Amino acid sequence: MSINEQDKIGNLFHFLDSTITLHEEKKHQLESLKSALLQKMFANKNGYPAVRFEGFSNEWEHCKLGDVADITTGSRNHQDSVTDGKYPFFVRSDKVERLNEYDFDTKAILVPGDGRIGEIFHYYNGKFALHQRVYKVDNFNGINELFLLGLFKYSFKEHALRLNAQGTVPSLRLPMFTNWSISVPMITEQKRIGVFFQKLEQTISLYDHKLELLKKVKRSMLQAMFI
């Protein structure tokens, strides 16, 4: 291989590595921004925003989750899943299985009751099947589902841990949901907050996808070049 060809190959891999690093840095910046904003919005132990945001009121009201949403579980077992099923089947992990039957047709937040407690949350709108140890939160009344999703991701694990003197929660029970005391602003502000965090997470996921593709291209080129 000539020096000129070596230079071209080296420059190509340098460009790929630089692009991957740039995307990783942007993803990290967005994740840091999300963490900081969540903390400022929800960190106050009384449930109110930790700082005043321009354009938002400080008139937040306390309520229990059971008063503003319905909470129940599914009835399926993990072994019910099938390959390439028509409907998503939410089980006790972050991986979504498939099933050819559905149990619910609704807009819901789905929370596994076992495993990585307070770390896995799904949001889905449509027909889906549900494991018997996954909680479904839906029929929202006076609370925006995307705003509530942000509350779940930021505050629910701490809430669940407070209920157990051992500092761990082996599994979730229905009262942990229904009796969870939360604070919410007016519904119009909830929607704005919820949509903002949803778009931020979508952008982070987009960078994740781009990083996967770039790394796949690099691996393929290395294999073709040196194998």
# chains A, B, ... in the order shown; residues from 1 in each chain; ligands from 1
call {"tool": "residues_around", "arguments": {"residues": "Lys127 (chain A)", "least_positions_apart": "5", "cutoff": "7 Å", "atoms": "only C-alpha atoms", "output": "PyMOL selection string"}}
result
chain A and resi 87+102+104-106
call {"tool": "residues_around", "arguments": {"residues": "Asp103 (chain A)", "least_positions_apart": "3", "cutoff": "7 Å", "atoms": "only C-alpha atoms", "output": "JSON, numbers by chain"}}
result
{"A": [128, 129, 130]}
call {"tool": "residues_around", "arguments": {"residues": "Leu213 (chain A)", "least_positions_apart": "6", "cutoff": "10 Å", "atoms": "only C-alpha atoms", "output": "ChimeraX atom specification"}}
result
/A:20,207,219
call {"tool": "atom_distance", "arguments": {"atom1": "CA of Glu59 (chain A)", "atom2": "CA of Asn139 (chain A)"}}
result
23.8 Å
call {"tool": "select_by_dssp", "arguments": {"residues": "region 7-201 of chain A", "states": "helix (DSSP H, G or I)", "output": "ChimeraX atom specification"}}
result
/A:7-42,65-68,78-80,145-162,174-178,187-201
call {"tool": "write_last_selection", "arguments": {"atoms": "C-alpha atoms", "output": "CSV table (one decimal), in the first residue's frame"}}
result
chain,number,residue,atom,x,y,z
A,7,ASP,CA,-2.6,8.8,4.5
A,8,LYS,CA,-6.1,8.7,3.0
A,9,ILE,CA,-7.1,5.7,5.3
A,10,GLY,CA,-5.5,7.3,8.3
A,11,ASN,CA,-7.4,10.6,7.7
A,12,LEU,CA,-10.7,8.7,7.3
A,13,PHE,CA,-10.3,6.9,10.6
A,14,HIS,CA,-9.2,10.2,12.2
A,15,PHE,CA,-12.4,11.9,10.9
A,16,LEU,CA,-14.5,9.0,12.2
A,17,ASP,CA,-12.9,9.1,15.6
A,18,SER,CA,-13.3,12.9,15.8
A,19,THR,CA,-17.0,12.7,14.9
A,20,ILE,CA,-17.6,9.9,17.4
A,21,THR,CA,-15.9,12.0,20.1
A,22,LEU,CA,-17.9,15.1,19.2
A,23,HIS,CA,-21.2,13.2,19.4
A,24,GLU,CA,-20.2,11.7,22.8
A,25,GLU,CA,-19.4,15.2,24.1
A,26,LYS,CA,-22.8,16.6,22.8
A,27,LYS,CA,-24.6,13.7,24.4
A,28,HIS,CA,-22.9,14.2,27.7
A,29,GLN,CA,-23.7,17.9,27.6
A,30,LEU,CA,-27.4,17.2,27.0
A,31,GLU,CA,-27.5,14.6,29.8
A,32,SER,CA,-25.9,17.1,32.2
A,33,LEU,CA,-28.4,19.8,31.1
A,34,LYS,CA,-31.3,17.4,31.7
A,35,SER,CA,-29.9,16.4,35.2
A,36,ALA,CA,-29.5,20.0,36.2
A,37,LEU,CA,-32.9,21.1,35.0
A,38,LEU,CA,-34.6,18.1,36.7
A,39,GLN,CA,-32.9,18.9,39.9
A,40,LYS,CA,-33.9,22.6,39.8
A,41,MET,CA,-37.5,21.7,38.9
A,42,PHE,CA,-38.1,18.9,41.4
A,65,LEU,CA,-51.0,9.9,42.9
A,66,GLY,CA,-54.0,7.7,43.6
A,67,ASP,CA,-56.2,10.8,43.4
A,68,VAL,CA,-55.1,11.9,39.9
A,78,HIS,CA,-42.8,-13.5,30.7
A,79,GLN,CA,-43.0,-16.8,28.9
A,80,ASP,CA,-46.1,-15.6,27.1
A,145,GLU,CA,-48.6,12.3,31.7
A,146,LEU,CA,-45.3,13.6,30.5
A,147,PHE,CA,-44.9,15.8,33.5
A,148,LEU,CA,-45.7,12.8,35.7
A,149,LEU,CA,-43.1,10.8,33.8
A,150,GLY,CA,-40.5,13.4,34.8
A,151,LEU,CA,-41.5,13.1,38.4
A,152,PHE,CA,-41.3,9.3,38.3
A,153,LYS,CA,-37.8,9.4,36.8
A,154,TYR,CA,-36.5,12.0,39.3
A,155,SER,CA,-38.3,11.3,42.5
A,156,PHE,CA,-40.0,7.9,42.7
A,157,LYS,CA,-37.0,5.8,43.6
A,158,GLU,CA,-36.2,8.1,46.6
A,159,HIS,CA,-39.9,7.9,47.6
A,160,ALA,CA,-39.8,4.1,47.5
A,161,LEU,CA,-36.6,3.8,49.4
A,162,ARG,CA,-37.9,6.1,52.2
A,174,LEU,CA,-49.7,-0.7,45.1
A,175,PRO,CA,-49.8,1.7,48.2
A,176,MET,CA,-46.4,3.0,47.2
A,177,PHE,CA,-48.0,4.4,44.1
A,178,THR,CA,-51.4,5.4,45.4
A,187,ILE,CA,-52.0,21.8,33.9
A,188,THR,CA,-50.8,24.2,31.2
A,189,GLU,CA,-47.4,24.5,32.9
A,190,GLN,CA,-47.3,20.7,33.4
A,191,LYS,CA,-47.7,20.3,29.6
A,192,ARG,CA,-44.9,22.7,28.8
A,193,ILE,CA,-42.5,21.1,31.2
A,194,GLY,CA,-43.4,17.6,30.1
A,195,VAL,CA,-43.0,18.3,26.4
A,196,PHE,CA,-39.7,20.0,27.0
A,197,PHE,CA,-38.2,17.0,28.8
A,198,GLN,CA,-39.6,14.7,26.2
A,199,LYS,CA,-37.9,16.6,23.4
A,200,LEU,CA,-34.7,16.7,25.3
A,201,GLU,CA,-34.7,12.9,25.8
call {"tool": "atom_distance", "arguments": {"atom1": "CA of Asn100 (chain A)", "atom2": "CA of Arg173 (chain A)"}}
result
28.3 Å
call {"tool": "select_by_dssp", "arguments": {"residues": "region 53-205 of chain A", "states": "strand (DSSP E or B)", "output": "ChimeraX atom specification"}}
result
/A:61-64,70-73,76,87-90,96-99,104-112,114,122-131,134-138,171,181-184
call {"tool": "atom_distance", "arguments": {"atom1": "CA of Lys107 (chain A)", "atom2": "CA of Thr73 (chain A)"}}
result
14.4 Å
call {"tool": "closest_residue", "arguments": {"among": "A:Arg76, A:Arg92, A:Arg98, A:Lys64", "to": "His122 (chain A)", "atoms": "only C-alpha atoms"}}
result
A:Arg92
call {"tool": "closest_residue", "arguments": {"among": "A:Gly113, A:Pro88, A:Pro170, A:Pro185", "to": "Gly126 (chain A)", "atoms": "only C-alpha atoms"}}
result
A:Pro88
